[in-house]
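Source file: work_38.cif. Holds: mmCIF, C-alpha atoms and all ligand atoms.
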```
data_target
loop_
_atom_site.label_atom_id
_atom_site.label_comp_id
_atom_site.auth_asym_id
_atom_site.auth_seq_id
_atom_site.Cartn_x
_atom_site.Cartn_y
_atom_site.Cartn_z
CA MET A 1 79.96 105.52 197.00
CA THR A 2 76.41 106.73 197.33
CA TRP A 3 73.54 104.34 197.35
CA ARG A 4 72.35 105.56 193.98
CA THR A 5 75.74 105.04 192.25
CA LYS A 6 76.07 101.70 193.92
CA THR A 7 72.71 100.61 192.55
CA CYS A 8 73.71 101.73 189.06
CA VAL A 9 76.94 99.78 189.25
CA ILE A 10 75.09 96.71 190.38
CA ILE A 11 72.53 96.99 187.60
CA ALA A 12 75.25 97.53 185.00
CA THR A 13 77.12 94.49 186.28
CA LEU A 14 74.00 92.38 186.15
CA ALA A 15 73.21 93.47 182.63
CA ALA A 16 76.75 92.92 181.41
CA THR A 17 77.39 89.51 182.89
CA ALA A 18 74.26 88.24 184.58
CA ALA A 19 76.66 87.03 187.24
CA VAL A 20 75.14 87.94 190.56
CA ALA A 21 78.02 86.39 192.48
CA HIS A 22 80.37 88.97 191.02
CA ASN A 23 78.66 92.05 192.38
CA GLY A 24 81.24 94.42 193.71
CA VAL A 25 84.25 93.02 191.86
CA LYS A 26 86.11 96.08 190.69
CA ASP A 27 89.24 94.67 189.13
CA ALA A 28 88.66 93.95 185.43
CA ASP A 29 91.19 91.10 185.30
CA VAL A 30 89.63 89.43 188.31
CA MET A 31 86.18 89.87 186.77
CA ALA A 32 87.35 88.29 183.50
CA ARG A 33 88.79 85.21 185.15
CA MET A 34 85.73 84.82 187.39
CA ASN A 35 83.48 85.04 184.35
CA ALA A 36 85.50 82.34 182.59
CA MET A 37 85.27 80.11 185.66
CA SER A 38 81.53 80.75 185.92
CA ALA A 39 81.08 79.73 182.30
CA ILE A 40 83.06 76.55 183.01
CA GLY A 41 80.90 75.96 186.09
CA LYS A 42 77.63 76.39 184.17
CA ALA A 43 78.77 74.14 181.33
CA THR A 44 79.89 71.48 183.80
CA LYS A 45 76.50 71.62 185.50
CA THR A 46 74.74 71.22 182.14
CA LEU A 47 76.80 68.09 181.47
CA GLY A 48 76.36 66.81 185.02
CA ASP A 49 72.59 67.10 184.72
CA MET A 50 72.72 65.08 181.48
CA ALA A 51 75.00 62.47 183.06
CA ARG A 52 72.57 62.01 185.94
CA GLY A 53 69.55 61.89 183.70
CA LYS A 54 68.13 65.07 185.18
CA THR A 55 67.93 66.42 181.65
CA PRO A 56 68.04 64.39 178.41
CA LEU A 57 71.45 63.89 176.80
CA HIS A 58 71.36 66.36 173.96
CA GLN A 59 74.33 65.94 171.62
CA ALA A 60 74.57 69.50 170.34
CA LYS A 61 74.13 71.05 173.78
CA ALA A 62 76.64 68.63 175.26
CA ARG A 63 79.22 69.51 172.62
CA MET A 64 78.64 73.20 173.17
CA ALA A 65 79.20 72.76 176.91
CA ARG A 66 82.38 70.79 176.23
CA ASP A 67 83.65 73.56 173.94
CA THR A 68 82.86 76.19 176.57
CA ILE A 69 85.00 74.28 179.04
CA SER A 70 87.92 73.55 176.73
CA LEU A 71 88.05 77.06 175.24
CA ASN A 72 87.94 78.75 178.65
CA ALA A 73 90.48 76.28 180.04
CA ALA A 74 92.84 77.26 177.25
CA LYS A 75 92.50 80.91 178.30
CA ILE A 76 93.42 80.31 181.94
CA PRO A 77 97.16 81.07 181.59
CA ASP A 78 96.34 84.44 179.99
CA LEU A 79 93.48 85.21 182.37
CA PHE A 80 95.52 84.59 185.50
CA GLU A 81 98.82 85.95 184.26
CA SER A 82 98.40 89.35 185.90
CA GLN A 83 98.53 88.88 189.64
CA ALA A 84 95.35 90.86 190.01
CA THR A 85 93.52 90.84 193.29
CA ASP A 86 90.15 92.00 194.51
CA PRO A 87 88.52 91.65 197.90
CA LYS A 88 85.99 89.33 196.25
CA SER A 89 88.58 87.13 194.58
CA GLU A 90 88.98 83.59 195.81
CA ALA A 91 92.30 83.07 194.07
CA LEU A 92 95.20 82.18 196.36
CA PRO A 93 98.70 83.67 195.94
CA ALA A 94 100.00 80.10 195.63
CA ILE A 95 98.91 80.28 191.98
CA TRP A 96 101.81 82.54 191.10
CA ASP A 97 104.29 80.65 193.28
CA ASN A 98 103.40 77.43 191.46
CA TRP A 99 102.62 78.79 188.01
CA GLY A 100 103.75 75.69 186.11
CA ASP A 101 101.61 73.39 188.23
CA PHE A 102 98.63 75.74 188.02
CA THR A 103 98.69 76.10 184.22
CA GLY A 104 99.37 72.35 183.92
CA ARG A 105 96.13 71.75 185.78
CA ALA A 106 94.27 74.03 183.38
CA ASP A 107 95.69 71.94 180.56
CA THR A 108 94.56 68.73 182.25
CA MET A 109 91.05 70.18 182.56
CA LYS A 110 91.08 70.99 178.85
CA ASP A 111 92.16 67.44 177.97
CA ALA A 112 89.52 65.96 180.28
CA ALA A 113 86.85 68.09 178.59
CA LEU A 114 88.02 66.98 175.14
CA SER A 115 87.93 63.34 176.31
CA LEU A 116 84.25 63.51 177.32
CA ASP A 117 82.29 60.71 175.67
CA PHE A 118 78.76 61.57 174.62
CA THR A 119 77.85 58.13 173.24
CA ASP A 120 75.27 57.67 175.99
CA LYS A 121 74.48 58.69 179.55
CA ALA A 122 76.70 56.01 181.06
CA ALA A 123 79.72 56.99 178.96
CA LEU A 124 79.22 60.62 179.89
CA ALA A 125 78.83 59.76 183.58
CA THR A 126 82.15 57.87 183.52
CA THR A 127 84.16 60.46 181.63
CA ILE A 128 82.76 63.45 183.53
CA ARG A 129 84.31 62.02 186.70
CA ASP A 130 87.79 62.70 185.31
CA LEU A 131 86.75 66.23 184.46
CA GLY A 132 85.33 66.80 187.93
CA ALA A 133 88.57 65.61 189.52
CA THR A 134 90.46 68.38 187.73
CA CYS A 135 88.16 71.05 189.24
CA GLY A 136 88.54 69.80 192.79
CA GLY A 137 92.28 69.24 192.48
CA CYS A 138 92.94 72.80 191.43
CA HIS A 139 90.44 74.45 193.77
CA LYS A 140 91.89 72.59 196.74
CA ARG A 141 95.29 74.17 196.18
CA TYR A 142 94.53 77.50 194.59
CA ARG A 143 91.08 78.67 195.63
CA VAL A 144 89.99 79.92 199.03
CA GLU A 145 87.99 77.28 200.83
CA LYS A 146 84.43 78.31 201.47
C1 LIG A 201 93.78 75.52 186.96
C2 LIG A 201 93.03 75.60 188.19
C3 LIG A 201 91.52 75.45 188.14
C4 LIG A 201 90.81 74.46 187.53
C5 LIG A 201 91.32 73.25 186.74
C6 LIG A 201 89.41 74.76 187.77
N1 LIG A 201 89.29 75.91 188.51
FE1 LIG A 201 87.55 76.83 189.04
N2 LIG A 201 88.61 78.31 189.96
C7 LIG A 201 89.97 78.38 190.05
C8 LIG A 201 90.35 79.59 190.79
C9 LIG A 201 91.76 80.03 191.12
C10 LIG A 201 89.15 80.24 191.13
C11 LIG A 201 89.00 81.58 191.89
C12 LIG A 201 89.13 82.75 190.91
C13 LIG A 201 88.97 84.09 191.59
O1 LIG A 201 88.08 84.23 192.47
O2 LIG A 201 89.71 85.03 191.26
C14 LIG A 201 88.07 79.40 190.59
C15 LIG A 201 86.72 79.72 190.70
C16 LIG A 201 85.68 78.93 190.22
C17 LIG A 201 84.28 79.27 190.32
C18 LIG A 201 83.71 80.53 190.95
C19 LIG A 201 83.68 81.62 189.90
C20 LIG A 201 83.02 82.87 190.45
O3 LIG A 201 81.84 83.06 190.15
O4 LIG A 201 83.68 83.61 191.14
C21 LIG A 201 83.57 78.25 189.74
C22 LIG A 201 82.05 78.14 189.57
C23 LIG A 201 84.53 77.27 189.27
N3 LIG A 201 85.81 77.72 189.57
C24 LIG A 201 84.19 76.10 188.63
C25 LIG A 201 85.12 75.18 188.13
C26 LIG A 201 84.77 73.91 187.52
C27 LIG A 201 83.36 73.37 187.35
C28 LIG A 201 85.95 73.33 187.14
C29 LIG A 201 86.18 72.00 186.46
C30 LIG A 201 85.41 71.68 185.28
C31 LIG A 201 87.02 74.24 187.55
N4 LIG A 201 86.49 75.33 188.14
C32 LIG A 201 88.36 73.98 187.31
C33 LIG A 201 90.88 77.48 189.54
C34 LIG A 201 90.56 76.35 188.78
#
```
Please rewrite the model in this file as structure tokens.
Ligand code: HEC
Amino acid sequence: MTWRTKTCVIIATLAATAAVAHNGVKDADVMARMNAMSAIGKATKTLGDMARGKTPLHQAKARMARDTISLNAAKIPDLFESQATDPKSEALPAIWDNWGDFTGRADTMKDAALSLDFTDKAALATTIRDLGATCGGCHKRYRVEK
């Protein structure tokens, strides 16, 4: 690939997804599941900032973040179904050897998101811990350690 084409690809990727971390991902299925995970990551950060008091607890924004997590969690079985790979992917082959466990964990994440309590900062801080545990539990088994 020439420099010029490469630059165009990078700019197109940036414009389409604003996801700098995904530069160079060529496989569309891998890109889709990374985008879903990124959205989950951003929404979790939004909620984490509210739980810690870094930003005010804003009910509508909190609910939107929760919905982003639960809706993307529900898509995980479809998004990971094809055993797509890409040099940039961090997904481990163990996903497809343990499909039931993997999709079960996506389900647990969805339930944890739906159980978030936005009554006040303290309630959010308590319930977001359960959500956070679902991220770490799945990444530990199915995502390349960085
Ligand atoms: C069902 C398993 C599972 C759960 C639950 C899960 N993840 Fe992931 N996550 C993955 C896998 C697998 C990847 C790597 C995907 C790839 O690179 O192809 C990943 C990648 C990511 C990435 C990197 C995306 C990128 O830009 O490449 C972020 C951010 C992320 N997860 C955040 C979260 C957060 C936050 C939670 C919890 C709220 C969470 N994940 C829950 C399996 C999971």
What lies within 12 Å of Met64 (chain A) using all atoms listed in the file, ignoring chain neighbours under 4 positions off, as a compact mmCIF listing (two decimals) with C-alpha atoms, in the coordinates of the input?
```
# COMPACT_ATOMS: atom_id res chain seq x y z
CA ALA A 39 81.08 79.73 182.30
CA ILE A 40 83.06 76.55 183.01
CA LYS A 42 77.63 76.39 184.17
CA ALA A 43 78.77 74.14 181.33
CA THR A 44 79.89 71.48 183.80
CA THR A 46 74.74 71.22 182.14
CA LEU A 47 76.80 68.09 181.47
CA HIS A 58 71.36 66.36 173.96
CA GLN A 59 74.33 65.94 171.62
CA ALA A 60 74.57 69.50 170.34
CA THR A 68 82.86 76.19 176.57
CA ILE A 69 85.00 74.28 179.04
CA SER A 70 87.92 73.55 176.73
CA LEU A 71 88.05 77.06 175.24
CA ALA A 113 86.85 68.09 178.59
CA LEU A 114 88.02 66.98 175.14
CA LEU A 116 84.25 63.51 177.32
CA PHE A 118 78.76 61.57 174.62
```
Kindly work out which residues sit at most 8 Å from ligand LIG 201 (chain A), using only C-alpha atoms and all ligand atoms, and give the list as a PyMOL selection string. chain A and resi 19+21-22+30-31+33-45+69+73+76+85-86+88-92+95+102-109+113+131-139+142-144
Could those residues be written to a file, using C-alpha atoms, as a JSON list (two decimals), in the coordinates of the input?
```
[["chain", "number", "residue", "atom", "x", "y", "z"],
["A", 19, "ALA", "CA", 76.66, 87.03, 187.24],
["A", 21, "ALA", "CA", 78.02, 86.39, 192.48],
["A", 22, "HIS", "CA", 80.37, 88.97, 191.02],
["A", 30, "VAL", "CA", 89.63, 89.43, 188.31],
["A", 31, "MET", "CA", 86.18, 89.87, 186.77],
["A", 33, "ARG", "CA", 88.79, 85.21, 185.15],
["A", 34, "MET", "CA", 85.73, 84.82, 187.39],
["A", 35, "ASN", "CA", 83.48, 85.04, 184.35],
["A", 36, "ALA", "CA", 85.50, 82.34, 182.59],
["A", 37, "MET", "CA", 85.27, 80.11, 185.66],
["A", 38, "SER", "CA", 81.53, 80.75, 185.92],
["A", 39, "ALA", "CA", 81.08, 79.73, 182.30],
["A", 40, "ILE", "CA", 83.06, 76.55, 183.01],
["A", 41, "GLY", "CA", 80.90, 75.96, 186.09],
["A", 42, "LYS", "CA", 77.63, 76.39, 184.17],
["A", 43, "ALA", "CA", 78.77, 74.14, 181.33],
["A", 44, "THR", "CA", 79.89, 71.48, 183.80],
["A", 45, "LYS", "CA", 76.50, 71.62, 185.50],
["A", 69, "ILE", "CA", 85.00, 74.28, 179.04],
["A", 73, "ALA", "CA", 90.48, 76.28, 180.04],
["A", 76, "ILE", "CA", 93.42, 80.31, 181.94],
["A", 85, "THR", "CA", 93.52, 90.84, 193.29],
["A", 86, "ASP", "CA", 90.15, 92.00, 194.51],
["A", 88, "LYS", "CA", 85.99, 89.33, 196.25],
["A", 89, "SER", "CA", 88.58, 87.13, 194.58],
["A", 90, "GLU", "CA", 88.98, 83.59, 195.81],
["A", 91, "ALA", "CA", 92.30, 83.07, 194.07],
["A", 92, "LEU", "CA", 95.20, 82.18, 196.36],
["A", 95, "ILE", "CA", 98.91, 80.28, 191.98],
["A", 102, "PHE", "CA", 98.63, 75.74, 188.02],
["A", 103, "THR", "CA", 98.69, 76.10, 184.22],
["A", 104, "GLY", "CA", 99.37, 72.35, 183.92],
["A", 105, "ARG", "CA", 96.13, 71.75, 185.78],
["A", 106, "ALA", "CA", 94.27, 74.03, 183.38],
["A", 107, "ASP", "CA", 95.69, 71.94, 180.56],
["A", 108, "THR", "CA", 94.56, 68.73, 182.25],
["A", 109, "MET", "CA", 91.05, 70.18, 182.56],
["A", 113, "ALA", "CA", 86.85, 68.09, 178.59],
["A", 131, "LEU", "CA", 86.75, 66.23, 184.46],
["A", 132, "GLY", "CA", 85.33, 66.80, 187.93],
["A", 133, "ALA", "CA", 88.57, 65.61, 189.52],
["A", 134, "THR", "CA", 90.46, 68.38, 187.73],
["A", 135, "CYS", "CA", 88.16, 71.05, 189.24],
["A", 136, "GLY", "CA", 88.54, 69.80, 192.79],
["A", 137, "GLY", "CA", 92.28, 69.24, 192.48],
["A", 138, "CYS", "CA", 92.94, 72.80, 191.43],
["A", 139, "HIS", "CA", 90.44, 74.45, 193.77],
["A", 142, "TYR", "CA", 94.53, 77.50, 194.59],
["A", 143, "ARG", "CA", 91.08, 78.67, 195.63],
["A", 144, "VAL", "CA", 89.99, 79.92, 199.03]]
```
CA of Ala74 (chain A) to CA of Gly48 (chain A), straight-line distance in Å: 21.0 Å
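CA of Arg129 (chain A) is found 26.3 Å from CA of Asp78 (chain A).
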If I take CA of Asp130 (chain A) and CA of Pro56 (chain A), how far is one from the other in Å, to one decimal?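 Computed distance, CA of Asp130 (chain A) to CA of Pro56 (chain A), equals 21.0 Å.
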Could you check the closest approach to Gly100 (chain A) for each of A:Glu81, A:Asp117, A:Asp27, A:Ala32 and tell me which residue wins, using all atoms listed in the file?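 Looking at the shortest contact to Gly100 (chain A), the residue is A:Glu81.
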Which of A:Thr126, A:Asn98, A:Gln83, A:Ser115 sits closest to Arg141 (chain A) [using all atoms listed in the file]: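 With all atoms listed in the file as the atom set, the closest residue is A:Asn98.
Remark: for Thr127 (chain A), the closest of the candidate residues A:Ala51, A:Pro77, A:Ala94, A:Asp67 is A:Ala51 (distances computed over all atoms listed in the file).
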Enclose the full set of atoms of region 52-67 of chain A listed in the file within a box whose edges lie along x, y and z, apply 5 Å of padding to each of the six sides, and report centre and edge lengths in Å to one decimal as AutoDock Vina command-line options.
```
--center_x 75.8 --center_y 67.7 --center_z 178.1 --size_x 25.7 --size_y 21.7 --size_z 25.6
```
From the block you just saw, export region 43-57 of chain A: all heavy atoms, as a tab-separated table (two decimals), in the first residue's frame.
```
chain	number	residue	atom	x	y	z
A	43	ALA	N	-19.15	4.12	27.42
A	43	ALA	CA	-20.33	4.26	28.28
A	43	ALA	C	-19.97	3.91	29.73
A	43	ALA	O	-20.42	4.57	30.67
A	43	ALA	CB	-21.45	3.35	27.77
A	44	THR	N	-19.13	2.89	29.89
A	44	THR	CA	-18.73	2.49	31.24
A	44	THR	C	-17.91	3.60	31.90
A	44	THR	O	-18.05	3.89	33.08
A	44	THR	CB	-17.92	1.17	31.20
A	44	THR	OG1	-18.71	0.19	30.54
A	44	THR	CG2	-17.57	0.69	32.58
A	45	LYS	N	-17.07	4.25	31.09
A	45	LYS	CA	-16.27	5.35	31.62
A	45	LYS	C	-17.16	6.51	32.06
A	45	LYS	O	-16.96	7.11	33.10
A	45	LYS	CB	-15.25	5.81	30.58
A	45	LYS	CG	-14.33	6.87	31.14
A	45	LYS	CD	-13.25	7.30	30.19
A	45	LYS	CE	-12.38	8.38	30.82
A	45	LYS	NZ	-13.13	9.57	31.28
A	46	THR	N	-18.17	6.82	31.23
A	46	THR	CA	-19.12	7.88	31.57
A	46	THR	C	-19.74	7.60	32.94
A	46	THR	O	-19.81	8.47	33.81
A	46	THR	CB	-20.24	7.95	30.50
A	46	THR	OG1	-19.63	8.24	29.25
A	46	THR	CG2	-21.27	9.01	30.83
A	47	LEU	N	-20.17	6.35	33.13
A	47	LEU	CA	-20.82	5.97	34.40
A	47	LEU	C	-19.81	5.97	35.55
A	47	LEU	O	-20.14	6.38	36.66
A	47	LEU	CB	-21.47	4.59	34.26
A	47	LEU	CG	-22.67	4.54	33.30
A	47	LEU	CD1	-23.10	3.11	33.05
A	47	LEU	CD2	-23.84	5.35	33.86
A	48	GLY	N	-18.60	5.51	35.25
A	48	GLY	CA	-17.56	5.48	36.28
A	48	GLY	C	-17.23	6.88	36.76
A	48	GLY	O	-17.07	7.11	37.97
A	49	ASP	N	-17.17	7.82	35.83
A	49	ASP	CA	-16.89	9.22	36.21
A	49	ASP	C	-18.00	9.77	37.10
A	49	ASP	O	-17.74	10.51	38.04
A	49	ASP	CB	-16.75	10.09	34.96
A	49	ASP	CG	-15.42	9.83	34.23
A	49	ASP	OD1	-14.55	9.15	34.81
A	49	ASP	OD2	-15.27	10.32	33.09
A	50	MET	N	-19.24	9.38	36.81
A	50	MET	CA	-20.37	9.84	37.64
A	50	MET	C	-20.31	9.18	39.01
A	50	MET	O	-20.58	9.82	40.03
A	50	MET	CB	-21.69	9.50	36.95
A	50	MET	CG	-21.98	10.34	35.73
A	50	MET	SD	-23.59	9.87	35.02
A	50	MET	CE	-23.49	10.70	33.44
A	51	ALA	N	-19.94	7.90	39.04
A	51	ALA	CA	-19.89	7.17	40.31
A	51	ALA	C	-18.82	7.76	41.23
A	51	ALA	O	-18.97	7.78	42.45
A	51	ALA	CB	-19.62	5.69	40.05
A	52	ARG	N	-17.74	8.24	40.62
A	52	ARG	CA	-16.63	8.80	41.42
A	52	ARG	C	-16.80	10.28	41.71
A	52	ARG	O	-15.97	10.89	42.37
A	52	ARG	CB	-15.31	8.59	40.68
A	52	ARG	CG	-14.74	7.18	40.86
A	52	ARG	CD	-13.42	7.04	40.15
A	52	ARG	NE	-13.61	7.23	38.71
A	52	ARG	CZ	-12.74	7.84	37.91
A	52	ARG	NH1	-11.64	8.33	38.40
A	52	ARG	NH2	-12.98	7.95	36.63
A	53	GLY	N	-17.84	10.86	41.14
A	53	GLY	CA	-18.06	12.28	41.37
A	53	GLY	C	-17.20	13.17	40.50
A	53	GLY	O	-17.12	14.38	40.71
A	54	LYS	N	-16.57	12.57	39.50
A	54	LYS	CA	-15.74	13.37	38.59
A	54	LYS	C	-16.64	14.24	37.71
A	54	LYS	O	-16.27	15.35	37.33
A	54	LYS	CB	-14.90	12.42	37.73
A	54	LYS	CG	-13.62	13.07	37.24
A	54	LYS	CD	-12.76	12.09	36.48
A	54	LYS	CE	-12.01	12.83	35.40
A	54	LYS	NZ	-11.60	11.98	34.29
A	55	THR	N	-17.80	13.70	37.38
A	55	THR	CA	-18.82	14.47	36.68
A	55	THR	C	-20.12	14.28	37.47
A	55	THR	O	-20.28	13.28	38.15
A	55	THR	CB	-19.03	13.96	35.23
A	55	THR	OG1	-19.23	12.55	35.26
A	55	THR	CG2	-17.86	14.28	34.34
A	56	PRO	N	-21.04	15.26	37.37
A	56	PRO	CA	-22.29	15.12	38.13
A	56	PRO	C	-23.12	13.94	37.61
A	56	PRO	O	-23.05	13.61	36.43
A	56	PRO	CB	-23.03	16.44	37.84
A	56	PRO	CG	-22.07	17.32	37.12
A	56	PRO	CD	-20.95	16.49	36.60
A	57	LEU	N	-23.85	13.30	38.50
A	57	LEU	CA	-24.74	12.20	38.10
A	57	LEU	C	-25.93	12.80	37.35
A	57	LEU	O	-26.75	13.51	37.92
A	57	LEU	CB	-25.20	11.43	39.35
A	57	LEU	CG	-26.28	10.36	39.15
A	57	LEU	CD1	-25.92	9.39	38.03
A	57	LEU	CD2	-26.48	9.58	40.43
```
